>>> print(open('query-v7.tsv').read())   # TSV, C-alpha atoms
chain	number	residue	atom	x	y	z
H	1095	MET	CA	-47.28	-31.54	55.70
H	1096	THR	CA	-44.41	-29.28	54.71
H	1097	GLN	CA	-44.61	-26.70	51.98
H	1098	THR	CA	-42.19	-28.77	49.89
H	1099	GLY	CA	-44.37	-31.84	50.29
H	1100	LEU	CA	-47.45	-29.86	49.28
H	1101	HIS	CA	-45.84	-28.64	46.10
H	1102	HIS	CA	-44.05	-31.81	45.02
H	1103	LEU	CA	-45.74	-34.84	46.58
H	1104	SER	CA	-42.76	-36.93	45.49
H	1105	GLY	CA	-42.07	-40.60	46.14
H	1106	ALA	CA	-39.53	-39.80	48.87
H	1107	ALA	CA	-42.26	-38.92	51.35
H	1108	LEU	CA	-43.82	-42.38	51.34
H	1109	ALA	CA	-41.09	-44.53	49.86
H	1110	ASP	CA	-42.11	-47.57	51.88
H	1111	GLU	CA	-45.47	-47.85	50.13
H	1112	ARG	CA	-46.40	-50.01	47.16
H	1113	THR	CA	-45.95	-48.92	43.59
H	1114	THR	CA	-48.61	-48.74	40.90
H	1115	PRO	CA	-51.37	-51.38	41.19
H	1116	ARG	CA	-52.17	-53.42	38.08
H	1117	ARG	CA	-54.14	-51.37	35.59
H	1118	SER	CA	-56.71	-54.17	35.27
H	1119	LEU	CA	-57.35	-53.98	39.02
H	1120	LEU	CA	-57.77	-50.21	38.92
H	1121	LEU	CA	-60.20	-50.48	35.99
H	1122	LEU	CA	-62.20	-53.10	37.85
H	1123	MET	CA	-62.34	-50.85	40.91
H	1124	ALA	CA	-63.43	-47.96	38.67
H	1125	VAL	CA	-66.31	-50.01	37.22
H	1126	ALA	CA	-67.35	-51.08	40.71
H	1127	THR	CA	-67.36	-47.51	42.04
H	1128	GLY	CA	-69.37	-46.39	39.03
H	1129	LEU	CA	-72.03	-48.99	39.70
H	1130	SER	CA	-72.14	-48.05	43.39
H	1131	CYS	CA	-72.63	-44.35	42.68
H	1132	ALA	CA	-75.18	-45.01	39.93
H	1133	GLY	CA	-77.69	-46.11	42.55
H	1134	ASN	CA	-77.89	-42.55	43.86
H	1135	TYR	CA	-78.89	-41.13	40.46
H	1136	VAL	CA	-81.00	-43.88	38.93
H	1137	ALA	CA	-84.28	-42.35	40.20
H	1138	GLN	CA	-83.84	-38.91	38.62
H	1139	PRO	CA	-85.30	-39.68	35.16
H	1140	LEU	CA	-87.93	-42.01	36.64
H	1141	LEU	CA	-89.79	-39.69	39.00
H	1142	ASP	CA	-92.92	-39.34	36.87
H	1143	LEU	CA	-93.17	-43.09	36.40
H	1144	VAL	CA	-92.62	-43.72	40.12
H	1145	ALA	CA	-95.21	-41.13	41.09
H	1146	HIS	CA	-97.83	-42.63	38.77
H	1147	ASP	CA	-97.21	-46.26	39.76
H	1148	LEU	CA	-97.06	-45.69	43.53
H	1149	GLY	CA	-99.70	-42.96	43.65
H	1150	LEU	CA	-97.34	-40.23	44.84
H	1151	GLY	CA	-97.54	-36.49	44.31
H	1152	GLY	CA	-94.77	-34.74	42.42
H	1153	ALA	CA	-93.21	-33.33	45.60
H	1154	SER	CA	-93.28	-36.73	47.31
H	1155	ALA	CA	-91.65	-38.42	44.33
H	1156	GLY	CA	-88.96	-35.72	44.30
H	1157	LEU	CA	-88.05	-36.72	47.84
H	1158	VAL	CA	-86.55	-39.92	46.41
H	1159	VAL	CA	-83.67	-37.88	44.94
H	1160	THR	CA	-83.22	-35.94	48.17
H	1161	ALA	CA	-83.25	-39.21	50.13
H	1162	ALA	CA	-80.34	-40.57	48.09
H	1163	GLN	CA	-78.28	-37.42	48.67
H	1164	ALA	CA	-79.04	-37.37	52.39
H	1165	GLY	CA	-78.11	-41.03	52.74
H	1166	TYR	CA	-74.84	-40.52	50.91
H	1167	ALA	CA	-73.90	-37.61	53.18
H	1168	LEU	CA	-74.60	-39.77	56.25
H	1169	GLY	CA	-72.47	-42.56	54.85
H	1170	LEU	CA	-69.56	-40.21	54.20
H	1171	MET	CA	-69.62	-39.03	57.81
H	1172	LEU	CA	-70.43	-42.28	59.60
H	1173	LEU	CA	-68.99	-45.15	57.54
H	1174	ILE	CA	-65.95	-43.97	55.57
H	1175	PRO	CA	-63.73	-43.51	58.68
H	1176	LEU	CA	-64.18	-47.23	59.41
H	1177	GLY	CA	-61.75	-47.95	56.58
H	1178	ASP	CA	-58.89	-46.99	58.93
H	1179	VAL	CA	-59.83	-49.48	61.67
H	1180	LEU	CA	-61.39	-52.39	59.72
H	1181	ASP	CA	-60.20	-54.67	56.96
H	1182	ARG	CA	-60.91	-52.41	54.00
H	1183	ARG	CA	-61.57	-55.27	51.58
H	1184	ARG	CA	-64.18	-56.75	53.90
H	1185	LEU	CA	-65.74	-53.32	54.48
H	1186	ALA	CA	-66.00	-52.64	50.74
H	1187	VAL	CA	-67.50	-56.07	49.99
H	1188	THR	CA	-69.99	-55.70	52.85
H	1189	LEU	CA	-71.12	-52.27	51.65
H	1190	PHE	CA	-71.43	-53.42	48.03
H	1191	SER	CA	-73.46	-56.45	49.12
H	1192	ALA	CA	-75.74	-54.26	51.23
H	1193	THR	CA	-76.23	-51.85	48.33
H	1194	ALA	CA	-77.20	-54.74	46.04
H	1195	ALA	CA	-79.77	-55.97	48.58
H	1196	LEU	CA	-81.24	-52.50	49.10
H	1197	LEU	CA	-81.52	-51.87	45.35
H	1198	ALA	CA	-83.44	-55.14	45.12
H	1199	VAL	CA	-85.80	-53.86	47.82
H	1200	SER	CA	-86.31	-50.66	45.81
H	1201	ALA	CA	-87.07	-52.74	42.70
H	1202	VAL	CA	-90.00	-54.41	44.44
H	1203	ALA	CA	-91.05	-51.52	46.71
H	1204	PRO	CA	-94.85	-51.66	47.14
H	1205	SER	CA	-95.22	-48.08	48.37
H	1206	GLY	CA	-93.57	-44.68	48.54
H	1207	PRO	CA	-92.40	-44.97	52.18
H	1208	VAL	CA	-90.66	-48.30	51.47
H	1209	LEU	CA	-88.93	-46.80	48.43
H	1210	LEU	CA	-87.81	-43.74	50.44
H	1211	VAL	CA	-86.35	-45.85	53.25
H	1212	SER	CA	-84.54	-48.20	50.88
H	1213	THR	CA	-83.22	-45.20	48.92
H	1214	VAL	CA	-81.82	-43.52	52.04
H	1215	LEU	CA	-80.09	-46.74	53.09
H	1216	THR	CA	-78.79	-47.30	49.55
H	1217	GLY	CA	-77.24	-43.84	49.72
H	1218	VAL	CA	-75.61	-44.70	53.05
H	1219	THR	CA	-74.04	-47.95	51.81
H	1220	SER	CA	-73.07	-46.58	48.39
H	1221	VAL	CA	-70.07	-44.89	50.03
H	1222	GLY	CA	-68.37	-48.23	49.47
H	1223	ALA	CA	-67.17	-46.45	46.31
H	1224	GLN	CA	-65.18	-44.01	48.45
H	1225	VAL	CA	-63.69	-46.92	50.40
H	1226	LEU	CA	-62.29	-48.19	47.10
H	1227	VAL	CA	-60.87	-44.74	46.26
H	1228	ALA	CA	-58.91	-44.68	49.53
H	1229	HIS	CA	-57.85	-48.30	48.91
H	1230	ALA	CA	-56.44	-47.33	45.51
H	1231	ALA	CA	-54.47	-44.51	47.16
H	1232	ALA	CA	-53.02	-46.97	49.68
H	1233	LEU	CA	-52.09	-49.53	47.01
H	1234	ALA	CA	-50.15	-46.98	44.95
H	1235	GLY	CA	-46.80	-45.42	45.71
H	1236	ALA	CA	-46.59	-41.65	46.07
H	1237	ALA	CA	-45.16	-41.19	42.57
H	1238	THR	CA	-48.24	-42.75	40.94
H	1239	ARG	CA	-50.95	-42.14	43.53
H	1240	GLY	CA	-52.62	-39.36	41.56
H	1241	ARG	CA	-53.11	-41.57	38.52
H	1242	ALA	CA	-54.42	-44.47	40.59
H	1243	VAL	CA	-56.95	-42.28	42.40
H	1244	ALA	CA	-57.95	-40.55	39.16
H	1245	THR	CA	-58.66	-43.89	37.47
H	1246	VAL	CA	-60.96	-45.06	40.27
H	1247	MET	CA	-62.56	-41.63	40.70
H	1248	ALA	CA	-63.37	-41.62	36.98
H	1249	GLY	CA	-65.69	-44.51	37.72
H	1250	VAL	CA	-67.42	-42.52	40.47
H	1251	LEU	CA	-68.02	-39.58	38.19
H	1252	LEU	CA	-68.99	-41.56	35.09
H	1253	GLY	CA	-71.38	-43.69	37.16
H	1254	GLY	CA	-73.27	-40.59	38.22
H	1255	LEU	CA	-73.15	-39.14	34.72
H	1256	LEU	CA	-74.30	-42.23	32.82
H	1257	ALA	CA	-76.83	-43.53	35.36
H	1258	ARG	CA	-79.55	-41.12	34.25
H	1259	THR	CA	-79.27	-42.09	30.58
H	1260	ALA	CA	-79.06	-45.82	31.31
H	1261	ALA	CA	-82.00	-45.69	33.73
H	1262	GLY	CA	-84.20	-44.00	31.17
H	1263	GLY	CA	-83.32	-46.59	28.52
H	1264	LEU	CA	-83.90	-49.57	30.82
H	1265	ALA	CA	-87.21	-48.15	32.02
H	1266	GLY	CA	-88.31	-47.94	28.39
H	1267	LEU	CA	-87.66	-51.67	28.04
H	1268	GLY	CA	-89.66	-52.54	31.15
H	1269	SER	CA	-90.81	-50.28	33.96
H	1270	TRP	CA	-89.25	-47.93	36.48
H	1271	ARG	CA	-88.36	-51.03	38.52
H	1272	THR	CA	-86.14	-52.49	35.78
H	1273	PRO	CA	-83.11	-50.20	36.31
H	1274	TYR	CA	-83.12	-50.97	40.03
H	1275	ALA	CA	-83.26	-54.72	39.39
H	1276	VAL	CA	-80.47	-54.66	36.79
H	1277	LEU	CA	-78.25	-52.52	39.01
H	1278	ALA	CA	-78.88	-54.82	42.00
H	1279	VAL	CA	-77.62	-57.81	40.00
H	1280	LEU	CA	-74.57	-55.89	38.78
H	1281	MET	CA	-73.74	-54.73	42.32
H	1282	ALA	CA	-73.98	-58.29	43.62
H	1283	GLY	CA	-71.57	-59.37	40.89
H	1284	ALA	CA	-69.21	-56.53	41.80
H	1285	ALA	CA	-69.25	-57.59	45.47
H	1286	VAL	CA	-68.30	-61.17	44.57
H	1287	THR	CA	-65.55	-60.01	42.21
H	1288	LEU	CA	-64.06	-57.57	44.74
H	1289	HIS	CA	-64.01	-60.33	47.36
H	1290	ARG	CA	-61.94	-62.47	44.99
H	1291	VAL	CA	-59.45	-59.95	43.60
H	1292	LEU	CA	-59.13	-56.98	45.97
H	1293	PRO	CA	-55.82	-57.14	47.90
H	1294	ARG	CA	-55.87	-56.97	51.68
H	1295	LEU	CA	-54.02	-54.16	53.45
H	1296	ALA	CA	-53.08	-53.83	57.09
H	1297	VAL	CA	-55.38	-51.86	59.39
H	1298	THR	CA	-53.80	-48.47	60.10
H	1299	ALA	CA	-55.49	-47.41	63.36
H	1300	ASP	CA	-56.91	-48.90	66.55
H	1301	LEU	CA	-59.73	-46.66	67.77
H	1302	ALA	CA	-63.21	-47.13	69.18
H	1303	TYR	CA	-65.98	-45.86	66.91
H	1304	GLY	CA	-66.68	-42.69	68.90
H	1305	ALA	CA	-62.99	-41.82	69.05
H	1306	LEU	CA	-62.74	-42.51	65.32
H	1307	LEU	CA	-65.43	-39.95	64.51
H	1308	ARG	CA	-63.90	-37.41	66.89
H	1309	SER	CA	-60.50	-37.89	65.28
H	1310	THR	CA	-62.05	-37.23	61.86
H	1311	LEU	CA	-63.27	-33.83	63.06
H	1312	ALA	CA	-59.91	-33.23	64.72
H	1313	LEU	CA	-58.18	-33.65	61.36
H	1314	LEU	CA	-60.09	-30.67	60.01
H	1315	ARG	CA	-58.96	-28.70	63.04
H	1316	ASP	CA	-55.32	-29.79	62.95
H	1317	GLU	CA	-54.55	-29.92	59.22
H	1318	PRO	CA	-54.63	-26.50	57.51
H	1319	ALA	CA	-54.01	-28.10	54.10
H	1320	LEU	CA	-57.07	-30.33	54.57
H	1321	ARG	CA	-59.22	-27.32	55.50
H	1322	ARG	CA	-58.06	-25.33	52.49
H	1323	ARG	CA	-58.55	-28.23	50.09
H	1324	ALA	CA	-61.98	-29.03	51.52
H	1325	LEU	CA	-63.01	-25.40	51.06
H	1326	LEU	CA	-61.54	-25.33	47.55
H	1327	GLY	CA	-63.37	-28.53	46.64
H	1328	ALA	CA	-66.65	-27.30	48.12
H	1329	LEU	CA	-66.51	-24.00	46.23
H	1330	SER	CA	-65.61	-25.66	42.94
H	1331	PHE	CA	-68.37	-28.25	43.31
H	1332	ALA	CA	-70.86	-25.56	44.29
H	1333	SER	CA	-69.97	-23.61	41.14
H	1334	TYR	CA	-70.30	-26.77	39.05
H	1335	SER	CA	-73.65	-27.63	40.68
H	1336	VAL	CA	-75.08	-24.20	39.88
H	1337	GLN	CA	-74.38	-24.98	36.23
H	1338	LEU	CA	-75.69	-28.53	36.43
H	1339	THR	CA	-79.01	-27.49	37.98
H	1340	SER	CA	-79.68	-24.30	36.03
H	1341	LEU	CA	-78.62	-25.82	32.70
H	1342	THR	CA	-81.68	-28.08	32.79
H	1343	PHE	CA	-83.93	-25.04	33.22
H	1344	LEU	CA	-82.18	-23.18	30.40
H	1345	LEU	CA	-82.35	-25.99	27.83
H	1346	ALA	CA	-86.01	-26.72	28.57
H	1347	ARG	CA	-87.02	-23.15	27.69
H	1348	ALA	CA	-86.75	-20.87	24.65
H	1349	PRO	CA	-84.62	-20.46	22.62
H	1350	TYR	CA	-83.70	-24.13	23.08
H	1351	GLY	CA	-86.90	-25.90	24.18
H	1352	TRP	CA	-85.29	-29.33	24.32
H	1353	SER	CA	-86.90	-32.55	25.51
H	1354	THR	CA	-85.75	-34.38	28.64
H	1355	ALA	CA	-83.95	-36.94	26.47
H	1356	GLY	CA	-82.12	-34.21	24.57
H	1357	ILE	CA	-81.04	-32.52	27.78
H	1358	GLY	CA	-79.77	-35.85	29.11
H	1359	LEU	CA	-77.71	-36.48	25.98
H	1360	PHE	CA	-76.26	-32.96	26.06
H	1361	SER	CA	-75.10	-33.50	29.63
H	1362	LEU	CA	-72.91	-36.38	28.41
H	1363	ILE	CA	-70.39	-33.89	27.03
H	1364	GLY	CA	-69.38	-33.53	30.66
H	1365	ALA	CA	-67.61	-36.88	30.23
H	1366	VAL	CA	-64.79	-34.91	28.60
H	1367	GLY	CA	-63.86	-33.64	32.06
H	1368	VAL	CA	-63.64	-37.18	33.39
H	1369	LEU	CA	-61.43	-38.27	30.49
H	1370	THR	CA	-58.91	-35.51	31.29
H	1371	MET	CA	-58.54	-36.55	34.94
H	1372	THR	CA	-55.67	-38.96	34.26
H	1373	PHE	CA	-53.72	-36.27	32.36
H	1374	ALA	CA	-54.11	-33.82	35.25
H	1375	ALA	CA	-53.14	-36.58	37.69
H	1376	ARG	CA	-49.94	-37.33	35.77
H	1377	LEU	CA	-48.94	-33.68	35.99
H	1378	GLY	CA	-49.66	-33.74	39.71
H	1379	ASP	CA	-47.58	-36.88	40.19
H	1380	ARG	CA	-44.69	-35.07	38.51
H	1381	GLY	CA	-44.75	-32.30	41.09
H	1382	HIS	CA	-47.13	-29.80	39.47
H	1383	VAL	CA	-50.06	-30.02	41.88
H	1384	GLN	CA	-50.20	-26.27	42.51
H	1385	LYS	CA	-49.90	-25.37	38.83
H	1386	VAL	CA	-52.66	-27.79	37.86
H	1387	THR	CA	-54.91	-26.50	40.64
H	1388	GLY	CA	-54.33	-22.89	39.69
H	1389	SER	CA	-55.02	-23.59	36.01
H	1390	ALA	CA	-58.17	-25.49	36.97
H	1391	THR	CA	-59.57	-22.63	39.04
H	1392	VAL	CA	-58.94	-20.19	36.19
H	1393	LEU	CA	-60.63	-22.64	33.83
H	1394	LEU	CA	-63.68	-22.69	36.11
H	1395	LEU	CA	-63.87	-18.91	35.89
H	1396	THR	CA	-63.37	-18.96	32.11
H	1397	GLY	CA	-66.05	-21.61	31.79
H	1398	TRP	CA	-68.62	-19.34	33.39
H	1399	LEU	CA	-67.73	-16.49	31.02
H	1400	LEU	CA	-68.43	-18.88	28.14
H	1401	LEU	CA	-71.65	-20.11	29.76
H	1402	THR	CA	-72.90	-16.56	30.14
H	1403	ALA	CA	-72.59	-16.12	26.37
H	1404	GLY	CA	-74.27	-19.50	25.90
H	1405	ALA	CA	-77.73	-18.26	26.85
H	1406	HIS	CA	-78.50	-17.95	23.13
H	1407	HIS	CA	-75.55	-19.73	21.47
H	1408	LEU	CA	-75.16	-23.51	21.78
H	1409	VAL	CA	-71.47	-23.54	20.80
H	1410	TRP	CA	-70.52	-21.22	23.66
H	1411	LEU	CA	-72.75	-23.19	26.01
H	1412	ALA	CA	-71.07	-26.47	25.10
H	1413	ALA	CA	-67.60	-24.94	25.42
H	1414	GLY	CA	-68.48	-23.58	28.85
H	1415	VAL	CA	-69.81	-26.93	30.07
H	1416	VAL	CA	-66.63	-28.69	28.92
H	1417	ALA	CA	-64.39	-26.06	30.54
H	1418	LEU	CA	-66.30	-26.24	33.80
H	1419	ASN	CA	-66.16	-30.05	33.87
H	1420	ILE	CA	-62.42	-30.17	33.19
H	1421	GLY	CA	-61.71	-27.49	35.81
H	1422	GLN	CA	-63.85	-29.09	38.50
H	1423	GLN	CA	-62.43	-32.57	37.98
H	1424	ALA	CA	-58.86	-31.24	38.07
H	1425	VAL	CA	-59.52	-29.40	41.34
H	1426	LEU	CA	-60.97	-32.58	42.81
H	1427	ASN	CA	-58.10	-34.79	41.71
H	1428	THR	CA	-55.30	-32.49	42.86
H	1429	SER	CA	-57.08	-31.96	46.18
H	1430	GLN	CA	-57.20	-35.71	46.71
H	1431	GLN	CA	-53.50	-35.93	45.88
H	1432	VAL	CA	-52.79	-33.38	48.60
H	1433	ILE	CA	-54.97	-34.87	51.34
H	1434	TYR	CA	-53.91	-38.49	50.74
H	1435	ALA	CA	-50.27	-37.47	51.22
H	1436	LEU	CA	-50.91	-35.80	54.59
H	1437	ARG	CA	-51.42	-38.77	56.94
H	1438	PRO	CA	-51.21	-42.22	55.33
H	1439	GLU	CA	-52.55	-43.90	58.48
H	1440	ALA	CA	-55.75	-41.79	58.35
H	1441	ARG	CA	-56.61	-41.76	54.66
H	1442	ASN	CA	-60.22	-42.85	55.13
H	1443	ARG	CA	-60.81	-40.22	57.80
H	1444	MET	CA	-59.15	-37.62	55.56
H	1445	ASN	CA	-61.42	-38.70	52.72
H	1446	SER	CA	-64.47	-38.60	55.01
H	1447	ALA	CA	-63.75	-35.04	56.15
H	1448	PHE	CA	-62.92	-33.81	52.65
H	1449	SER	CA	-65.79	-35.56	50.86
H	1450	THR	CA	-68.41	-34.45	53.38
H	1451	VAL	CA	-67.45	-30.79	52.96
H	1452	PHE	CA	-67.12	-31.29	49.19
H	1453	PHE	CA	-70.64	-32.72	48.75
H	1454	LEU	CA	-72.15	-30.15	51.11
H	1455	GLY	CA	-70.75	-27.54	48.73
H	1456	GLY	CA	-72.50	-29.29	45.85
H	1457	ALA	CA	-75.80	-29.39	47.72
H	1458	LEU	CA	-75.58	-25.70	48.56
H	1459	GLY	CA	-74.76	-24.93	44.92
H	1460	SER	CA	-77.86	-26.78	43.73
H	1461	ALA	CA	-80.04	-24.95	46.27
H	1462	LEU	CA	-78.51	-21.61	45.26
H	1463	ALA	CA	-79.15	-22.34	41.58
H	1464	THR	CA	-82.85	-22.93	42.22
H	1465	LEU	CA	-83.08	-19.68	44.18
H	1466	VAL	CA	-81.24	-17.42	41.73
H	1467	TRP	CA	-83.01	-18.94	38.74
H	1468	ALA	CA	-86.37	-18.02	40.24
H	1469	MET	CA	-85.10	-14.47	40.81
H	1470	ALA	CA	-83.05	-13.73	37.69
H	1471	GLY	CA	-82.94	-16.75	35.39
H	1472	TRP	CA	-79.74	-17.64	33.56
H	1473	THR	CA	-78.21	-14.25	34.31
H	1474	GLY	CA	-78.58	-14.83	38.03
H	1475	ALA	CA	-77.14	-18.33	37.73
H	1476	SER	CA	-74.18	-17.02	35.77
H	1477	ILE	CA	-73.45	-14.36	38.39
H	1478	ALA	CA	-73.65	-16.91	41.21
H	1479	GLY	CA	-71.48	-19.46	39.38
H	1480	THR	CA	-68.91	-16.83	38.43
H	1481	ALA	CA	-68.69	-15.58	42.02
H	1482	LEU	CA	-68.10	-19.11	43.32
H	1483	ALA	CA	-65.49	-19.77	40.64
H	1484	ALA	CA	-63.72	-16.52	41.53
H	1485	ALA	CA	-63.69	-17.64	45.16
H	1486	THR	CA	-61.84	-20.83	44.16
H	1487	VAL	CA	-59.13	-18.70	42.55
H	1488	LEU	CA	-58.77	-16.70	45.77
H	1489	VAL	CA	-58.53	-19.83	47.92
H	1490	TRP	CA	-55.87	-21.25	45.61
H	1491	LEU	CA	-53.90	-17.99	45.75
H	1492	HIS	CA	-54.05	-18.13	49.54
H	1493	GLU	CA	-52.80	-21.73	49.56
H	1494	ARG	CA	-50.00	-20.87	47.14
H	1495	SER	CA	-48.88	-18.01	49.36
H	1496	ARG	CA	-48.71	-20.44	52.30
>>> encode(input="query-v7.tsv", output="structure tokens")
Amino acid sequence: MTQTGLHHLSGAALADERTTPRRSLLLLMAVATGLSCAGNYVAQPLLDLVAHDLGLGGASAGLVVTAAQAGYALGLMLLIPLGDVLDRRRLAVTLFSATAALLAVSAVAPSGPVLLVSTVLTGVTSVGAQVLVAHAAALAGAATRGRAVATVMAGVLLGGLLARTAAGGLAGLGSWRTPYAVLAVLMAGAAVTLHRVLPRLAVTADLAYGALLRSTLALLRDEPALRRRALLGALSFASYSVQLTSLTFLLARAPYGWSTAGIGLFSLIGAVGVLTMTFAARLGDRGHVQKVTGSATVLLLTGWLLLTAGAHHLVWLAAGVVALNIGQQAVLNTSQQVIYALRPEARNRMNSAFSTVFFLGGALGSALATLVWAMAGWTGASIAGTALAAATVLVWLHERSR
């Protein structure tokens, strides 16, 4: 991709592509992606209930969350590239149907091992959400691609954000199995709906599976812009994950001492970041990708300065969380705008390479947060998050100079 294309991403580059998909279709795809991603987070508020009912220890129950993350990472690497060589509508419907079936298995799981296996496989198939993100990018013309992707990605992010709260409420109405059962039914409905309304698009590549995976790795080698954006996304998500993990520890202790329910409700202010995605995407569609990215990285850094002061002041803490959410979502959206404009025939492989690195960054950020909290509490978390945010600024400056 040329430097001009990187900075402007105008409609001239891909003038032969479709224009903006119907808003109703994009909203439907957003709801579907939210449901798909929710399955990876539904267990988090239910661990105590699961452990008690299935006779698991705390550590064993905690593996359910790890299993979902591991399965999702495998799906990103092994299944997403298939969207370039298979009918993407059929692939999405198949993955959504499989997720619905696996959630039903989790709902009736008689033992811990069965629940772990079904959770891993649910994580693998839940990448159907990312298939829909790439499909939205292909349906839209270059001048509106950012908005289309942002709309569908908002579903991904809100699904993860709201799943914890919804799961806790549903479990209160029944048992820990209730959220799984409800989500299984909703996913089955989403699969049927997508089969009926999702447009078909032509297959863009003809490769055997092994060659497909090798070509995905080759894209990271051959596309400097993809490497930079993957690194930028990983660093921003790592910084965000440090906050997400350590914030729970902070709010559970003095001077806050909040309950689990209170912490869950406080985390909903992160939805502000999701709501600003479309605005950032519009600016990117108008040729301001670099400016939006630069502003977002600075906002990440500013957010951590506010969070540092929030150790004893809730207003500063809330302001920092909002700033960090807006900055991270803007980095993600502009990065997707850049990578989807690189090679239209390889969008799913581009997404696979980018998303795998992106989520690895998040996993490393969560692990780092646990380590630094044990060593230095909120101060250590603030130093780690600030350092990662500063690194995103440096990567953006390097890209801008290129």
>>> atom_distance(input="query-v7.tsv", atom1="atom CA of H:Asn1442", atom2="atom CA of H:Ala1461")
28.1 Å
>>> closest_residue(input="query-v7.tsv", among="H:Ala1248, H:Ala1234, H:Leu1141, H:Ile1433", to="H:Gly1206", atoms="all atoms listed in the file")
H:Leu1141
>>> closest_residue(input="query-v7.tsv", among="H:Leu1280, H:Leu1120, H:Leu1196, H:Ala1257", to="H:Arg1241", atoms="only C-alpha atoms")
H:Leu1120
>>> residues_around(input="query-v7.tsv", residues="stretch 1377-1394 of chain H", least_positions_apart="6", cutoff="10 Å", atoms="only C-alpha atoms", output="PyMOL selection string")
chain H and resi 1098-1105+1236-1241+1326+1330+1333-1334+1414-1429+1431-1432+1479-1480+1482-1491+1493-1494
>>> closest_residue(input="query-v7.tsv", among="H:Val1125, H:Val1451, H:Leu1313, H:Leu1295", to="H:Val1250", atoms="all atoms listed in the file")
H:Val1125
>>> closest_atom_pairs(input="query-v7.tsv", of="stretch 1224-1321 of chain H", to="stretch 1212-1219 of chain H", cutoff="12 Å", atoms="all atoms listed in the file", output="Markdown table")
| residue | atom | partner | partner_atom | distance |
| --- | --- | --- | --- | --- |
| H:Gln1224 | CA | H:Thr1219 | CA | 10.3 |
| H:Val1225 | CA | H:Thr1219 | CA | 10.5 |
| H:Tyr1274 | CA | H:Thr1213 | CA | 10.6 |
| H:Leu1277 | CA | H:Thr1216 | CA | 11.8 |
| H:Ala1278 | CA | H:Thr1216 | CA | 10.7 |
| H:Met1281 | CA | H:Thr1216 | CA | 11.5 |
>>> residues_around(input="query-v7.tsv", residues="stretch 1147-1161 of chain H", least_positions_apart="3", cutoff="10 Å", atoms="only C-alpha atoms", output="PDB file with C-alpha atoms, keeping the file's coordinate frame")
ATOM      1  CA  ASN H1134     -77.890 -42.550  43.860  1.00  0.00           C
ATOM      2  CA  TYR H1135     -78.890 -41.130  40.460  1.00  0.00           C
ATOM      3  CA  VAL H1136     -81.000 -43.880  38.930  1.00  0.00           C
ATOM      4  CA  ALA H1137     -84.280 -42.350  40.200  1.00  0.00           C
ATOM      5  CA  GLN H1138     -83.840 -38.910  38.620  1.00  0.00           C
ATOM      6  CA  LEU H1140     -87.930 -42.010  36.640  1.00  0.00           C
ATOM      7  CA  LEU H1141     -89.790 -39.690  39.000  1.00  0.00           C
ATOM      8  CA  ASP H1142     -92.920 -39.340  36.870  1.00  0.00           C
ATOM      9  CA  LEU H1143     -93.170 -43.090  36.400  1.00  0.00           C
ATOM     10  CA  VAL H1144     -92.620 -43.720  40.120  1.00  0.00           C
ATOM     11  CA  ALA H1164     -79.040 -37.370  52.390  1.00  0.00           C
ATOM     12  CA  GLY H1165     -78.110 -41.030  52.740  1.00  0.00           C
ATOM     13  CA  TYR H1166     -74.840 -40.520  50.910  1.00  0.00           C
ATOM     14  CA  ALA H1167     -73.900 -37.610  53.180  1.00  0.00           C
ATOM     15  CA  ALA H1203     -91.050 -51.520  46.710  1.00  0.00           C
ATOM     16  CA  PRO H1204     -94.850 -51.660  47.140  1.00  0.00           C
ATOM     17  CA  SER H1205     -95.220 -48.080  48.370  1.00  0.00           C
ATOM     18  CA  GLY H1206     -93.570 -44.680  48.540  1.00  0.00           C
ATOM     19  CA  PRO H1207     -92.400 -44.970  52.180  1.00  0.00           C
ATOM     20  CA  LEU H1209     -88.930 -46.800  48.430  1.00  0.00           C
ATOM     21  CA  LEU H1210     -87.810 -43.740  50.440  1.00  0.00           C
ATOM     22  CA  VAL H1211     -86.350 -45.850  53.250  1.00  0.00           C
ATOM     23  CA  SER H1212     -84.540 -48.200  50.880  1.00  0.00           C
ATOM     24  CA  THR H1213     -83.220 -45.200  48.920  1.00  0.00           C
ATOM     25  CA  VAL H1214     -81.820 -43.520  52.040  1.00  0.00           C
ATOM     26  CA  LEU H1215     -80.090 -46.740  53.090  1.00  0.00           C
ATOM     27  CA  THR H1216     -78.790 -47.300  49.550  1.00  0.00           C
ATOM     28  CA  GLY H1217     -77.240 -43.840  49.720  1.00  0.00           C
ATOM     29  CA  VAL H1218     -75.610 -44.700  53.050  1.00  0.00           C
ATOM     30  CA  SER H1269     -90.810 -50.280  33.960  1.00  0.00           C
ATOM     31  CA  TRP H1270     -89.250 -47.930  36.480  1.00  0.00           C
ATOM     32  CA  ALA H1457     -75.800 -29.390  47.720  1.00  0.00           C
TER      33      ALA H1457
END
>>> atom_distance(input="query-v7.tsv", atom1="atom CA of H:Arg1441", atom2="atom CA of H:Thr1298")
9.1 Å
>>> residues_around(input="query-v7.tsv", residues="stretch 1175-1186 of chain H", least_positions_apart="6", cutoff="6 Å", atoms="all atoms listed in the file", output="PyMOL selection string")
chain H and resi 1222+1294+1297-1300+1442-1443
>>> write_last_selection(input="query-v7.tsv", atoms="C-alpha atoms", output="short mmCIF file (atom, residue, chain, number, x, y, z; two decimals), in the frame of the given file")
data_model
loop_
_atom_site.label_atom_id
_atom_site.label_comp_id
_atom_site.auth_asym_id
_atom_site.auth_seq_id
_atom_site.Cartn_x
_atom_site.Cartn_y
_atom_site.Cartn_z
CA GLY H 1222 -68.37 -48.23 49.47
CA ARG H 1294 -55.87 -56.97 51.68
CA VAL H 1297 -55.38 -51.86 59.39
CA THR H 1298 -53.80 -48.47 60.10
CA ALA H 1299 -55.49 -47.41 63.36
CA ASP H 1300 -56.91 -48.90 66.55
CA ASN H 1442 -60.22 -42.85 55.13
CA ARG H 1443 -60.81 -40.22 57.80
#
